[in-house]
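S.K.: Here you go, my_file-v9.pdb (PDB, C-alpha atoms (C1' of nucleotides)):
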ATOM      1  CA  MET A   4     -22.478 170.482 -37.007
ATOM      2  CA  VAL A   5     -25.112 172.849 -38.376
ATOM      3  CA  LYS A   6     -27.830 170.372 -37.374
ATOM      4  CA  LYS A   7     -26.573 170.376 -33.829
ATOM      5  CA  THR A   8     -26.652 174.159 -33.668
ATOM      6  CA  ILE A   9     -30.244 174.223 -34.908
ATOM      7  CA  PHE A  10     -31.211 171.558 -32.385
ATOM      8  CA  VAL A  11     -29.590 173.405 -29.509
ATOM      9  CA  PHE A  12     -31.234 176.707 -30.336
ATOM     10  CA  SER A  13     -34.627 175.083 -30.867
ATOM     11  CA  SER A  14     -34.310 173.489 -27.446
ATOM     12  CA  LEU A  15     -33.407 176.838 -25.971
ATOM     13  CA  ILE A  16     -36.463 178.532 -27.454
ATOM     14  CA  ILE A  17     -38.729 175.764 -26.209
ATOM     15  CA  ALA A  18     -37.153 175.962 -22.767
ATOM     16  CA  LEU A  19     -37.701 179.685 -22.728
ATOM     17  CA  LEU A  20     -41.348 179.309 -23.703
ATOM     18  CA  VAL A  21     -41.893 176.728 -20.975
ATOM     19  CA  LEU A  22     -40.307 179.052 -18.460
ATOM     20  CA  LEU A  23     -42.557 181.850 -19.625
ATOM     21  CA  GLN A  24     -45.664 179.755 -19.113
ATOM     22  CA  LEU A  25     -44.519 178.708 -15.669
ATOM     23  CA  SER A  26     -43.734 182.276 -14.749
ATOM     24  CA  LYS A  27     -47.188 183.366 -15.826
ATOM     25  CA  TYR A  28     -48.836 180.905 -13.476
ATOM     26  CA  THR A  29     -46.630 181.725 -10.530
ATOM     27  CA  TYR A  30     -46.974 185.427 -11.171
ATOM     28  CA  MET A  31     -50.756 185.321 -11.398
ATOM     29  CA  ALA A  32     -50.960 183.162  -8.315
ATOM     30  CA  GLY A  33     -48.934 185.821  -6.552
ATOM     31  CA  ASP A  34     -46.408 183.310  -5.250
ATOM     32  CA  ALA A  35     -43.418 185.096  -6.708
ATOM     33  CA  SER A  36     -42.508 188.501  -7.941
ATOM     34  CA  VAL A  37     -41.601 189.311 -11.543
ATOM     35  CA  GLU A  38     -38.130 190.190 -10.382
ATOM     36  CA  LEU A  39     -37.506 186.739  -8.980
ATOM     37  CA  VAL A  40     -38.698 185.071 -12.174
ATOM     38  CA  ILE A  41     -36.459 187.213 -14.306
ATOM     39  CA  ALA A  42     -33.506 186.566 -12.006
ATOM     40  CA  LEU A  43     -34.058 182.817 -12.229
ATOM     41  CA  VAL A  44     -34.297 182.941 -16.002
ATOM     42  CA  ALA A  45     -31.101 184.995 -16.123
ATOM     43  CA  LEU A  46     -29.265 182.528 -13.920
ATOM     44  CA  THR A  47     -30.523 179.581 -15.948
ATOM     45  CA  PHE A  48     -29.352 180.982 -19.238
ATOM     46  CA  LEU A  49     -26.068 182.088 -17.748
ATOM     47  CA  VAL A  50     -25.411 178.471 -16.841
ATOM     48  CA  VAL A  51     -26.630 177.269 -20.236
ATOM     49  CA  GLY A  52     -24.298 179.707 -21.978
ATOM     50  CA  PHE A  53     -21.421 178.485 -19.843
ATOM     51  CA  TYR A  54     -22.236 174.860 -20.646
ATOM     52  CA  LEU A  55     -22.578 175.480 -24.372
ATOM     53  CA  LYS A  56     -19.225 177.211 -24.593
ATOM     54  CA  LYS A  57     -17.599 174.406 -22.655
ATOM     55  CA  ASN A  58     -18.868 171.780 -25.103
ATOM     56  CA  ASN A  59     -17.832 173.986 -27.978
ATOM     57  CA  ALA A  60     -14.311 174.201 -26.616
ATOM     58  CA  GLN A  61     -14.107 170.456 -26.080
ATOM     59  CA  THR A  62     -15.176 169.578 -29.622
ATOM     60  CA  ASN A  63     -12.668 172.056 -30.959
ATOM     61  CA  ALA A  64      -9.912 170.286 -29.076
ATOM     62  CA  ILE A  65     -10.966 166.828 -30.198
ATOM     63  CA  GLU A  66     -11.424 167.506 -33.879
ATOM     64  CA  THR A  67      -7.766 168.283 -34.446
ATOM     65  CA  GLY A  68      -6.486 164.905 -33.291
ATOM     66  CA  GLU A  69      -6.789 162.844 -36.470
ATOM     67  CA  ILE A  70      -3.818 161.053 -37.982
ATOM     68  CA  ASP A  71      -3.398 160.905 -41.731
ATOM     69  CA  PHE A  72      -2.122 157.349 -42.224
ATOM     70  CA  LYS A  73      -2.335 157.648 -45.989
ATOM     71  CA  LYS A  74       0.171 160.461 -45.968
ATOM     72  CA  ILE A  75       2.597 158.338 -43.971
ATOM     73  CA  LYS A  76       2.614 155.794 -46.770
ATOM     74  CA  ALA A  77       2.646 158.517 -49.395
ATOM     75  CA  LEU A  78       5.845 159.867 -47.882
ATOM     76  CA  GLY A  79       7.345 156.375 -47.974
ATOM     77  CA  ILE A  80       7.817 156.199 -44.217
ATOM     78  CA  SER A  81       8.167 152.608 -42.995
ATOM     79  CA  ASP A  82       6.643 151.183 -39.818
ATOM     80  CA  ARG A  83       9.907 151.212 -37.927
ATOM     81  CA  GLU A  84      10.759 154.713 -39.048
ATOM     82  CA  TYR A  85       7.357 155.922 -37.895
ATOM     83  CA  GLU A  86       7.952 154.273 -34.558
ATOM     84  CA  VAL A  87      11.237 156.137 -34.265
ATOM     85  CA  LEU A  88       9.508 159.362 -35.274
ATOM     86  CA  GLN A  89       6.977 158.991 -32.482
ATOM     87  CA  HIS A  90       9.722 158.612 -29.894
ATOM     88  CA  LEU A  91      11.687 161.468 -31.418
ATOM     89  CA  ILE A  92       8.683 163.763 -31.070
ATOM     90  CA  LYS A  93       8.333 162.851 -27.417
ATOM     91  CA  GLY A  94      11.709 164.479 -26.937
ATOM     92  CA  LEU A  95      13.903 161.403 -26.622
ATOM     93  CA  SER A  96      17.554 161.383 -27.699
ATOM     94  CA  ASN A  97      18.896 158.854 -30.202
ATOM     95  CA  LYS A  98      20.361 156.833 -27.362
ATOM     96  CA  GLU A  99      17.097 156.835 -25.447
ATOM     97  CA  ILE A 100      15.136 155.760 -28.519
ATOM     98  CA  ALA A 101      17.698 153.000 -29.088
ATOM     99  CA  ASP A 102      17.199 151.716 -25.549
ATOM    100  CA  ALA A 103      13.425 151.913 -25.858
ATOM    101  CA  LEU A 104      13.421 149.878 -29.075
ATOM    102  CA  PHE A 105      16.267 147.544 -28.023
ATOM    103  CA  VAL A 106      18.559 148.429 -30.916
ATOM    104  CA  SER A 107      21.856 150.275 -31.253
ATOM    105  CA  GLU A 108      22.164 154.025 -31.478
ATOM    106  CA  SER A 109      23.597 153.824 -34.970
ATOM    107  CA  THR A 110      20.440 152.063 -36.097
ATOM    108  CA  ILE A 111      18.368 154.947 -34.799
ATOM    109  CA  LYS A 112      20.686 157.357 -36.566
ATOM    110  CA  THR A 113      20.044 155.538 -39.815
ATOM    111  CA  HIS A 114      16.282 155.671 -39.318
ATOM    112  CA  VAL A 115      16.355 159.317 -38.313
ATOM    113  CA  SER A 116      18.469 160.268 -41.315
ATOM    114  CA  SER A 117      16.127 158.543 -43.762
ATOM    115  CA  LEU A 118      13.201 160.181 -41.985
ATOM    116  CA  PHE A 119      14.802 163.566 -42.606
ATOM    117  CA  VAL A 120      15.100 162.805 -46.309
ATOM    118  CA  LYS A 121      11.480 161.680 -46.527
ATOM    119  CA  LEU A 122      10.188 164.645 -44.543
ATOM    120  CA  ASP A 123      12.555 166.988 -46.383
ATOM    121  CA  VAL A 124      14.082 168.479 -43.238
ATOM    122  CA  LYS A 125      17.555 168.908 -41.751
ATOM    123  CA  ARG A 126      16.891 168.816 -38.013
ATOM    124  CA  ARG A 127      14.701 166.834 -35.630
ATOM    125  CA  THR A 128      12.964 169.990 -34.477
ATOM    126  CA  GLN A 129      11.970 170.616 -38.094
ATOM    127  CA  ALA A 130      10.827 167.020 -38.357
ATOM    128  CA  ILE A 131       8.453 167.608 -35.435
ATOM    129  CA  GLN A 132       7.068 170.674 -37.181
ATOM    130  CA  LYS A 133       6.632 168.903 -40.524
ATOM    131  CA  ALA A 134       5.004 165.884 -38.914
ATOM    132  CA  LYS A 135       2.510 168.221 -37.300
ATOM    133  CA  GLU A 136       1.818 169.981 -40.596
ATOM    134  CA  HIS A 137       1.259 166.686 -42.377
ATOM    135  CA  GLN A 138      -1.104 165.524 -39.619
ATOM    136  CA  ILE A 139       1.058 162.447 -39.212
ATOM    137  CA  ILE A 140       1.094 162.532 -35.400
ATOM    138  CA  ASP A 141      -1.349 163.271 -32.605
ATOM    139  CA  ALA A 142      -0.595 166.821 -31.677
TER     140      ALA A 142
ATOM    141  CA  MET B  20      -8.037 185.586  -9.414
ATOM    142  CA  VAL B  21     -10.607 185.597  -6.643
ATOM    143  CA  LYS B  22     -10.909 189.368  -6.868
ATOM    144  CA  LYS B  23     -11.810 189.096 -10.527
ATOM    145  CA  THR B  24     -14.526 186.562  -9.831
ATOM    146  CA  ILE B  25     -16.064 188.800  -7.169
ATOM    147  CA  PHE B  26     -15.908 191.753  -9.525
ATOM    148  CA  VAL B  27     -17.571 189.841 -12.354
ATOM    149  CA  PHE B  28     -20.406 188.542 -10.211
ATOM    150  CA  SER B  29     -20.984 191.947  -8.613
ATOM    151  CA  SER B  30     -21.239 193.437 -12.093
ATOM    152  CA  LEU B  31     -23.702 190.738 -13.079
ATOM    153  CA  ILE B  32     -25.948 191.412 -10.085
ATOM    154  CA  ILE B  33     -25.886 195.155 -10.764
ATOM    155  CA  ALA B  34     -26.669 194.543 -14.430
ATOM    156  CA  LEU B  35     -29.571 192.337 -13.442
ATOM    157  CA  LEU B  36     -30.959 194.949 -11.060
ATOM    158  CA  VAL B  37     -30.727 197.619 -13.748
ATOM    159  CA  LEU B  38     -32.542 195.356 -16.173
ATOM    160  CA  LEU B  39     -35.242 194.762 -13.599
ATOM    161  CA  GLN B  40     -35.783 198.468 -13.098
ATOM    162  CA  LEU B  41     -35.940 199.037 -16.840
ATOM    163  CA  SER B  42     -38.348 196.157 -17.258
ATOM    164  CA  LYS B  43     -40.606 197.603 -14.582
ATOM    165  CA  TYR B  44     -40.919 200.901 -16.397
ATOM    166  CA  THR B  45     -41.527 199.391 -19.808
ATOM    167  CA  TYR B  46     -43.986 196.904 -18.352
ATOM    168  CA  MET B  47     -45.953 199.536 -16.495
ATOM    169  CA  ALA B  48     -45.982 201.801 -19.528
ATOM    170  CA  GLY B  49     -47.433 198.902 -21.482
ATOM    171  CA  ASP B  50     -44.821 199.179 -24.191
ATOM    172  CA  ALA B  51     -43.674 195.599 -23.917
ATOM    173  CA  SER B  52     -44.953 192.336 -22.580
ATOM    174  CA  VAL B  53     -43.390 190.472 -19.675
ATOM    175  CA  GLU B  54     -42.536 187.665 -22.034
ATOM    176  CA  LEU B  55     -40.388 189.901 -24.206
ATOM    177  CA  VAL B  56     -38.521 191.274 -21.216
ATOM    178  CA  ILE B  57     -37.790 187.804 -19.920
ATOM    179  CA  ALA B  58     -36.673 186.652 -23.347
ATOM    180  CA  LEU B  59     -34.282 189.584 -23.640
ATOM    181  CA  VAL B  60     -32.847 188.927 -20.205
ATOM    182  CA  ALA B  61     -32.428 185.259 -21.095
ATOM    183  CA  LEU B  62     -30.614 186.111 -24.307
ATOM    184  CA  THR B  63     -28.397 188.640 -22.556
ATOM    185  CA  PHE B  64     -27.263 186.210 -19.908
ATOM    186  CA  LEU B  65     -26.820 183.449 -22.458
ATOM    187  CA  VAL B  66     -24.324 185.671 -24.239
ATOM    188  CA  VAL B  67     -22.706 186.680 -20.946
ATOM    189  CA  GLY B  68     -22.339 183.013 -19.969
ATOM    190  CA  PHE B  69     -20.764 182.287 -23.325
ATOM    191  CA  TYR B  70     -18.370 185.179 -22.946
ATOM    192  CA  LEU B  71     -17.429 184.259 -19.390
ATOM    193  CA  LYS B  72     -16.621 180.697 -20.355
ATOM    194  CA  LYS B  73     -14.538 181.931 -23.230
ATOM    195  CA  ASN B  74     -12.427 184.060 -20.891
ATOM    196  CA  ASN B  75     -12.268 181.221 -18.436
ATOM    197  CA  ALA B  76     -10.979 178.949 -21.175
ATOM    198  CA  GLN B  77      -8.341 181.503 -22.088
ATOM    199  CA  THR B  78      -6.994 181.758 -18.572
ATOM    200  CA  ASN B  79      -7.143 178.040 -17.989
ATOM    201  CA  ALA B  80      -6.238 177.264 -21.598
ATOM    202  CA  ILE B  81      -6.899 173.562 -21.257
ATOM    203  CA  GLU B  82      -9.534 172.716 -23.829
ATOM    204  CA  THR B  83      -8.851 175.411 -26.382
ATOM    205  CA  GLY B  84      -5.783 176.207 -28.404
ATOM    206  CA  GLU B  85      -5.248 179.405 -26.510
ATOM    207  CA  ILE B  86      -1.962 180.433 -24.956
ATOM    208  CA  ASP B  87      -1.607 180.484 -21.184
ATOM    209  CA  PHE B  88       0.307 183.713 -20.684
ATOM    210  CA  LYS B  89       0.053 183.460 -16.937
ATOM    211  CA  LYS B  90       1.956 180.196 -16.937
ATOM    212  CA  ILE B  91       4.738 181.804 -18.939
ATOM    213  CA  LYS B  92       5.210 184.306 -16.152
ATOM    214  CA  ALA B  93       4.732 181.616 -13.532
ATOM    215  CA  LEU B  94       7.643 179.702 -15.050
ATOM    216  CA  GLY B  95       9.736 182.867 -14.969
ATOM    217  CA  ILE B  96      10.232 182.962 -18.722
ATOM    218  CA  SER B  97      11.186 186.438 -19.931
ATOM    219  CA  ASP B  98       9.897 188.120 -23.091
ATOM    220  CA  ARG B  99      13.093 187.529 -25.011
ATOM    221  CA  GLU B 100      13.330 183.919 -23.895
ATOM    222  CA  TYR B 101       9.785 183.323 -25.050
ATOM    223  CA  GLU B 102      10.626 184.855 -28.404
ATOM    224  CA  VAL B 103      13.540 182.451 -28.707
ATOM    225  CA  LEU B 104      11.288 179.562 -27.695
ATOM    226  CA  GLN B 105       8.852 180.380 -30.471
ATOM    227  CA  HIS B 106      11.601 180.269 -33.083
ATOM    228  CA  LEU B 107      13.056 177.116 -31.563
ATOM    229  CA  ILE B 108       9.687 175.400 -31.884
ATOM    230  CA  LYS B 109       9.482 176.362 -35.555
ATOM    231  CA  GLY B 110      12.508 174.161 -36.063
ATOM    232  CA  LEU B 111      15.205 176.824 -36.376
ATOM    233  CA  SER B 112      18.820 176.208 -35.314
ATOM    234  CA  ASN B 113      20.579 178.464 -32.814
ATOM    235  CA  LYS B 114      22.368 180.213 -35.656
ATOM    236  CA  GLU B 115      19.133 180.779 -37.553
ATOM    237  CA  ILE B 116      17.410 182.176 -34.473
ATOM    238  CA  ALA B 117      20.407 184.431 -33.896
ATOM    239  CA  ASP B 118      20.121 185.808 -37.437
ATOM    240  CA  ALA B 119      16.381 186.252 -37.111
ATOM    241  CA  LEU B 120      16.721 188.252 -33.894
ATOM    242  CA  PHE B 121      19.925 190.080 -34.938
ATOM    243  CA  VAL B 122      22.033 188.799 -32.058
ATOM    244  CA  SER B 123      24.958 186.405 -31.713
ATOM    245  CA  GLU B 124      24.633 182.650 -31.523
ATOM    246  CA  SER B 125      26.095 182.598 -28.010
ATOM    247  CA  THR B 126      23.289 184.868 -26.872
ATOM    248  CA  ILE B 127      20.767 182.390 -28.187
ATOM    249  CA  LYS B 128      22.611 179.593 -26.431
ATOM    250  CA  THR B 129      22.319 181.492 -23.169
ATOM    251  CA  HIS B 130      18.585 182.023 -23.665
ATOM    252  CA  VAL B 131      18.034 178.418 -24.663
ATOM    253  CA  SER B 132      19.962 177.109 -21.664
ATOM    254  CA  SER B 133      17.955 179.194 -19.206
ATOM    255  CA  LEU B 134      14.776 178.105 -20.987
ATOM    256  CA  PHE B 135      15.766 174.489 -20.375
ATOM    257  CA  VAL B 136      16.223 175.173 -16.673
ATOM    258  CA  LYS B 137      12.852 176.913 -16.434
ATOM    259  CA  LEU B 138      11.063 174.224 -18.426
ATOM    260  CA  ASP B 139      12.990 171.495 -16.589
ATOM    261  CA  VAL B 140      14.234 169.781 -19.756
ATOM    262  CA  LYS B 141      17.557 168.760 -21.262
ATOM    263  CA  ARG B 142      16.922 168.981 -25.006
ATOM    264  CA  ARG B 143      15.105 171.303 -27.368
ATOM    265  CA  THR B 144      12.820 168.507 -28.494
ATOM    266  CA  GLN B 145      11.753 168.062 -24.891
ATOM    267  CA  ALA B 146      11.263 171.798 -24.614
ATOM    268  CA  ILE B 147       8.818 171.646 -27.511
ATOM    269  CA  GLN B 148       6.908 168.861 -25.764
ATOM    270  CA  LYS B 149       6.812 170.695 -22.421
ATOM    271  CA  ALA B 150       5.741 173.952 -24.016
ATOM    272  CA  LYS B 151       2.870 172.094 -25.622
ATOM    273  CA  GLU B 152       1.877 170.489 -22.320
ATOM    274  CA  HIS B 153       1.911 173.828 -20.552
ATOM    275  CA  GLN B 154      -0.163 175.398 -23.342
ATOM    276  CA  ILE B 155       2.493 178.026 -23.695
ATOM    277  CA  ILE B 156       2.518 177.952 -27.483
ATOM    278  CA  ASP B 157      -0.031 177.687 -30.270
ATOM    279  CA  ALA B 158       0.036 174.028 -31.190
TER     280      ALA B 158
ATOM    281  C1'  DA C   7      17.795 131.853 -57.503
ATOM    282  C1'  DA C   8      18.110 136.593 -57.765
ATOM    283  C1'  DT C   9      16.136 141.002 -56.458
ATOM    284  C1'  DC C  10      14.138 144.416 -53.562
ATOM    285  C1'  DG C  11      12.686 146.781 -49.379
ATOM    286  C1'  DG C  12      13.378 147.007 -44.747
ATOM    287  C1'  DT C  13      16.069 146.529 -40.608
ATOM    288  C1'  DT C  14      20.170 146.173 -38.426
ATOM    289  C1'  DC C  15      24.973 147.817 -37.235
ATOM    290  C1'  DA C  16      29.604 149.798 -37.712
ATOM    291  C1'  DT C  17      33.285 153.392 -38.561
ATOM    292  C1'  DA C  18      34.739 157.899 -39.281
ATOM    293  C1'  DC C  19      33.848 162.227 -39.740
ATOM    294  C1'  DT C  20      31.665 167.175 -39.341
ATOM    295  C1'  DA C  21      28.324 170.092 -37.349
ATOM    296  C1'  DA C  22      25.335 171.504 -34.045
ATOM    297  C1'  DA C  23      23.784 171.526 -29.428
ATOM    298  C1'  DG C  24      24.425 172.070 -24.772
ATOM    299  C1'  DT C  25      27.085 173.306 -20.177
ATOM    300  C1'  DA C  26      29.595 176.209 -17.186
ATOM    301  C1'  DC C  27      31.314 179.826 -16.199
ATOM    302  C1'  DT C  28      32.163 185.250 -16.461
ATOM    303  C1'  DA C  29      30.836 189.825 -17.454
ATOM    304  C1'  DA C  30      29.374 194.136 -19.602
ATOM    305  C1'  DA C  31      25.638 196.760 -21.331
ATOM    306  C1'  DA C  32      20.698 198.070 -21.200
ATOM    307  C1'  DT C  33      16.334 198.366 -19.010
ATOM    308  C1'  DC C  34      13.099 198.396 -15.279
ATOM    309  C1'  DC C  35      11.553 199.602 -10.868
ATOM    310  C1'  DT C  36      10.830 202.512  -6.751
TER     311       DT C  36
ATOM    312  C1'  DA D  25      20.013 207.792  -8.375
ATOM    313  C1'  DG D  26      20.744 202.980  -7.266
ATOM    314  C1'  DG D  27      19.647 198.164  -7.153
ATOM    315  C1'  DA D  28      17.589 194.311  -9.551
ATOM    316  C1'  DT D  29      16.615 192.051 -13.661
ATOM    317  C1'  DT D  30      17.231 191.290 -18.467
ATOM    318  C1'  DT D  31      19.763 191.015 -22.460
ATOM    319  C1'  DT D  32      23.777 190.624 -24.510
ATOM    320  C1'  DA D  33      28.254 188.163 -25.511
ATOM    321  C1'  DG D  34      32.337 185.727 -24.844
ATOM    322  C1'  DT D  35      35.589 181.387 -23.979
ATOM    323  C1'  DA D  36      36.296 176.685 -23.305
ATOM    324  C1'  DC D  37      34.635 172.433 -23.091
ATOM    325  C1'  DT D  38      31.616 167.993 -23.509
ATOM    326  C1'  DT D  39      27.936 165.818 -25.555
ATOM    327  C1'  DT D  40      24.606 164.885 -28.944
ATOM    328  C1'  DA D  41      23.163 165.104 -33.647
ATOM    329  C1'  DG D  42      23.743 164.361 -38.277
ATOM    330  C1'  DT D  43      26.239 162.667 -42.781
ATOM    331  C1'  DA D  44      28.451 159.363 -45.656
ATOM    332  C1'  DT D  45      29.439 154.931 -46.681
ATOM    333  C1'  DG D  46      29.568 150.118 -46.504
ATOM    334  C1'  DA D  47      27.747 145.814 -45.216
ATOM    335  C1'  DA D  48      25.166 141.858 -43.276
ATOM    336  C1'  DC D  49      20.560 139.757 -42.545
ATOM    337  C1'  DC D  50      15.727 138.579 -43.530
ATOM    338  C1'  DG D  51      11.254 138.115 -45.714
ATOM    339  C1'  DA D  52       8.611 138.718 -49.633
ATOM    340  C1'  DT D  53       8.340 139.185 -54.611
ATOM    341  C1'  DT D  54       9.198 138.004 -59.421
TER     342       DT D  54
END
Would you put the structure from the file into structure tokens?

M.R.:
Amino acid sequence: MVKKTIFVFSSLIIALLVLLQLSKYTYMAGDASVELVIALVALTFLVVGFYLKKNNAQTNAIETGEIDFKKIKALGISDREYEVLQHLIKGLSNKEIADALFVSESTIKTHVSSLFVKLDVKRRTQAIQKAKEHQIIDA
Amino acid sequence: MVKKTIFVFSSLIIALLVLLQLSKYTYMAGDASVELVIALVALTFLVVGFYLKKNNAQTNAIETGEIDFKKIKALGISDREYEVLQHLIKGLSNKEIADALFVSESTIKTHVSSLFVKLDVKRRTQAIQKAKEHQIIDA
DNA sequence: AATCGGTTCATACTAAAGTACTAAAATCCT
DNA sequence: AGGATTTTAGTACTTTAGTATGAACCGATT
């Protein structure tokens, strides 16, 4: 992360120096005015700044998407329960989850209830919140 | 939206012209080299580009974890409804939200129901999901 | 063979959520 | 000031969620 920053800024300085050399030649040859050179440099770095911020924003969004599988086991959540949890978080009702997993609604109720105990919550909306806090799901 | 873009670019052009005038004086006075002026302009516009993208990301709110306030209005969600939504997402029950906002539970039910219509959902768990998709809340 | 964890399902119940109205205030806007 | 919107609140009802308990089944472990 720090390495990348150093690399980017080094590249920028080099790019700037190259531009300066080029501008010197064109200026001395009388092909272009100083104003035009400065305007081009400004435009270039405006675009570079835009691009850098864009990449920065993308990496920020990606880095938060890790799932802590160890914590799932640590909480004693079984495979099937986790499967139910994933559907629950999508916003499905018990009946809908039951249909999706080809089991009865009462089965889902059992899984959901034991999930609540393991997550130490009382409602499914709280379960969503806790799952997010524990990095158990892809937010 | 378009007006803002025009305004921003007009400001940029004016800023550039001002910088050019300043650079002319300093260059002719021999106080600074052309290279330094160009470097300063480059740095300035790098920062401007960074800043512009940041604002752009806020309004679009796609990559970053920023809240899209415009979409809240676009969906017709009122201030109070949004307040209720925030508590709902925390995992609070209607009664708990009512106590937190010092109103009755039936009032919360009214707000929640109209939120569901505006978010086009049927359950509060779905509302949480939709709010996340619309970047209406801080996930 | 007996035990344990996980999955399945049922019944019966209570609690919470959600819908569909109606309506009175408070606030905002011009 | 007057109209529109927001916020508030109620009643009555249906649906979904959640709890408690018991029980059958299966695969792996000891």

S.K.: Tell me, in Å to one decimal, how far CA of Gln148 in chain B is from CA of Thr128 in chain A.

M.R.: 10.7 Å

S.K.: Using 10 Å as the limit and counting only C-alpha atoms (C1' of nucleotides), can you tabulate each residue of chain D that touches chain A, with its shortest atom-to-atom distance in Å and the two atoms involved, as CSV?

M.R.:
residue,atom,partner,partner_atom,distance
D:DT40,C1',A:Ser96,CA,8.0
D:DA41,C1',A:Asn97,CA,8.3
D:DG42,C1',A:Ser116,CA,7.3
D:DT43,C1',A:Ser116,CA,8.3

S.K.: In Å, rounded to a single decimal, give me how far CA of Tyr101 in chain B is from C1' of DT39 in chain D.

M.R.: 25.2 Å

S.K.: Check which residues satisfy the PyMOL selection byres ((chain C) within 12 of (chain A)) in the file shown, then give them as a count of residues only.

M.R.: 10

S.K.: Which residue gives the smallest distance to chain B among A:His90, A:Ile70, A:Phe105, A:Ile80, with only C-alpha atoms counted?

M.R.: A:His90

S.K.: Determine the residue membership of the PyMOL selection byres ((chain C and resi 34) around 9) for the file above and supply it as a ChimeraX atom specification.

M.R.: /C:33,35 /D:28-30

S.K.: Find the residue from D:DG26, D:DT38, D:DA33, D:DA48 that sits nearest to DG24 in chain C; use only C-alpha atoms (C1' of nucleotides) when measuring.

M.R.: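 Smallest separation from DG24 in chain C among the options: D:DT38.
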
S.K.: With distances taken over only C-alpha atoms, which residue among A:Ile75, A:Ile100, A:Val50, A:Ile139 lies nearest chain B?

M.R.: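 Using only C-alpha atoms, chain B sits closest to A:Val50.
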
S.K.: Could you jot down the CA of Glu85 in chain B to CA of Lys149 in chain B separation for me, Å, one decimal place?

M.R.: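 Here the two named atoms are 15.4 Å from each other.
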
S.K.: Tell me which residues the PyMOL selection byres ((chain C and resi 10) around 12) grabs here, as a ChimeraX atom specification.

M.R.: /C:8-9,11-12 /D:50-54

S.K.: Would you kindly identify which residues have an atom no farther than 9 Å from (34.5, 170.4, -20.5), using only C-alpha atoms (C1' of nucleotides) and the file's own coordinates, and write them out as a PyMOL selection string?

M.R.: (chain C and resi 25-26) or (chain D and resi 36-38)

S.K.: The centre and edge lengths of an axis-aligned box containing all atoms of range 139-154 of chain B present in the file, extended by 5 Å on each side, are to be given in Å to one decimal, as lines of an AutoDock Vina configuration file.

M.R.:
center_x = 8.7
center_y = 171.7
center_z = -22.5
size_x = 27.7
size_y = 17.3
size_z = 21.9
